[in-house]
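These notes are about the structure you will find just below.
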Amino acid sequence: MNCPRCKTTLNQKNYEKVMIDYCTGCGGVWLDAGEIQTIVENQGEAFSKAQITATLQAAKAGIPPSEIESVENCPKCSSGMTPMNYNYSSGIVLDVCQQGHGIWFDQGELERVQISFESWNKRSQEMRSSWSELVQQGMHEAHAAETTADLRFRKNLGPVGTAIDALLVWMKSRR
Ligand SMILES: [Zn+2]
Ligand SMILES: [Zn+2]
């Protein structure tokens, strides 16, 4: 497989007990469907206070126009990937294959997703009721708007992906 950004051949390495594909050219990472869930749940990596602060401070909703204009192709099926703001407002914009093959992370984005997930996880335990209300509302509206492709995509990403994608669809329906 080649890097969707700089076309360098991707290498493999073990990260958080997952064999990930990474690019020595630009530092990006490709994760097959389902791998992101294993990585965020493992939480083996420790992040510095500075990394955590920087990630949380960069939180921002929406997709910048530059991300919509530059379309990267899935390294597996070559179809154009869709930009997705991880967890709706993390400010980390990932490229997702709508055929469900996986997700592309530019350099540093995977670590930022891990930080964002860990912080979200902690907060959601603190505010469990309001969060589940939000997800339920998102799921309900996603269900109303879903297509076969949406369904297949969510199924491949597993429960974490389901929550993410429900919010993505919900956000789109509000624009
Ligand atoms: Zn690259
Ligand atoms: Zn694909």
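By convention in this document, the chains of the structure tokens carry letters A, B, ... by their order, each chain's residues are numbered from 1, and ligands are numbered from 1 in the order they are shown.
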Excluding stretch 119-127 of chain A and its own-chain neighbours fewer than 3 positions away, which residues fall within 9 Å of it when counting only C-alpha atoms? Please give them as a PyMOL selection string. chain A and resi 52+56+87+114-116+130-132
Show me which residues are within 8 Å of ligand 2 counting only C-alpha atoms and all ligand atoms, and format the list as an MDAnalysis selection string. chainID A and resid 73:79 81 97:102
Using only C-alpha atoms, please write the residues we just selected to a file, as a PDB file, in the first residue's frame.
ATOM      1  CA  ASN A  73      -7.625   8.495  -1.935  1.00  0.00           C
ATOM      2  CA  CYS A  74      -8.040   5.332   0.123  1.00  0.00           C
ATOM      3  CA  PRO A  75      -4.827   3.234  -0.168  1.00  0.00           C
ATOM      4  CA  LYS A  76      -6.988   0.096  -0.496  1.00  0.00           C
ATOM      5  CA  CYS A  77      -9.736   0.999  -2.980  1.00  0.00           C
ATOM      6  CA  SER A  78      -8.512   4.370  -4.351  1.00  0.00           C
ATOM      7  CA  SER A  79     -11.865   6.043  -3.782  1.00  0.00           C
ATOM      8  CA  MET A  81     -11.881   9.636   1.376  1.00  0.00           C
ATOM      9  CA  CYS A  97     -12.873   5.595   3.459  1.00  0.00           C
ATOM     10  CA  GLN A  98     -16.623   5.484   2.965  1.00  0.00           C
ATOM     11  CA  GLN A  99     -16.299   1.868   1.782  1.00  0.00           C
ATOM     12  CA  GLY A 100     -15.238   1.031   5.339  1.00  0.00           C
ATOM     13  CA  HIS A 101     -11.574   0.138   4.629  1.00  0.00           C
ATOM     14  CA  GLY A 102     -10.096   2.372   7.280  1.00  0.00           C
TER      15      GLY A 102
END
Residues within 10 Å of ligand 1 (only C-alpha atoms and all ligand atoms), as a list in words? Asn2, Cys3, Pro4, Arg5, Cys6, Lys7, Thr8, Thr9, Leu10, Tyr22, Cys23, Thr24, Gly25, Cys26, Gly27, Gly28, Val29, Trp30, Asp106 and Gln107 of chain A
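When only C-alpha atoms are used to measure the gap to A:Ala33, the shortest distance among A:Ala54, A:Ile68, A:Ala61, A:Ile20 belongs to A:Ile20.
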DSSP on the backbone, strand (DSSP E or B) only: what residues of stretch 11-163 of chain A does that give? Format it as a VMD selection string. chain A and resid 11 to 15 18 to 22 29 to 32 60 73 80 82 to 85 90 93 to 96 102 to 105
Exercise: A:Glu41 partners within 12 Å, only C-alpha atoms, chain neighbours under 6 positions left out, as a VMD selection string: chain A and resid 16 to 18 34 to 35 113 to 115 117 to 118 121 159 to 160
Enumerate the residues of stretch 26-168 of chain A with a DSSP assignment of helix (DSSP H, G or I), computed from the backbone, and present them as a count of residues only. 79
Determine, using only C-alpha atoms, which residues of stretch 76-107 of chain A have any atom at most 8 Å from an atom of stretch 62-66 of chain A, and tabulate each with its shortest atom pair and distance in Å to one decimal place, rows ordered by chain and then rising number, as JSON lines.
{"residue": "A:Pro83", "atom": "CA", "partner": "A:Ile63", "partner_atom": "CA", "distance": 7.2}
{"residue": "A:Met84", "atom": "CA", "partner": "A:Ile63", "partner_atom": "CA", "distance": 7.2}
{"residue": "A:Asn85", "atom": "CA", "partner": "A:Ile63", "partner_atom": "CA", "distance": 6.4}
{"residue": "A:Tyr88", "atom": "CA", "partner": "A:Gly62", "partner_atom": "CA", "distance": 7.3}
{"residue": "A:Ser89", "atom": "CA", "partner": "A:Gly62", "partner_atom": "CA", "distance": 6.9}
{"residue": "A:Gly91", "atom": "CA", "partner": "A:Gly62", "partner_atom": "CA", "distance": 7.5}
{"residue": "A:Val93", "atom": "CA", "partner": "A:Ile63", "partner_atom": "CA", "distance": 6.9}
Those selected residues, please, written with C-alpha atoms and delivered as an mmCIF file, in the first residue's frame.
data_model
loop_
_atom_site.group_PDB
_atom_site.id
_atom_site.type_symbol
_atom_site.label_atom_id
_atom_site.label_comp_id
_atom_site.auth_asym_id
_atom_site.auth_seq_id
_atom_site.Cartn_x
_atom_site.Cartn_y
_atom_site.Cartn_z
ATOM 1 C CA PRO A 83 -12.859 14.310 6.011
ATOM 2 C CA MET A 84 -14.261 13.659 9.494
ATOM 3 C CA ASN A 85 -13.802 15.755 12.618
ATOM 4 C CA TYR A 88 -17.473 15.949 16.233
ATOM 5 C CA SER A 89 -15.487 18.747 17.886
ATOM 6 C CA GLY A 91 -10.544 19.586 15.830
ATOM 7 C CA VAL A 93 -9.807 16.044 10.964
#
Could you state the separation of atom CA of A:Leu31 and atom CA of A:Ile103 in Å, given to one decimal place? 5.4 Å
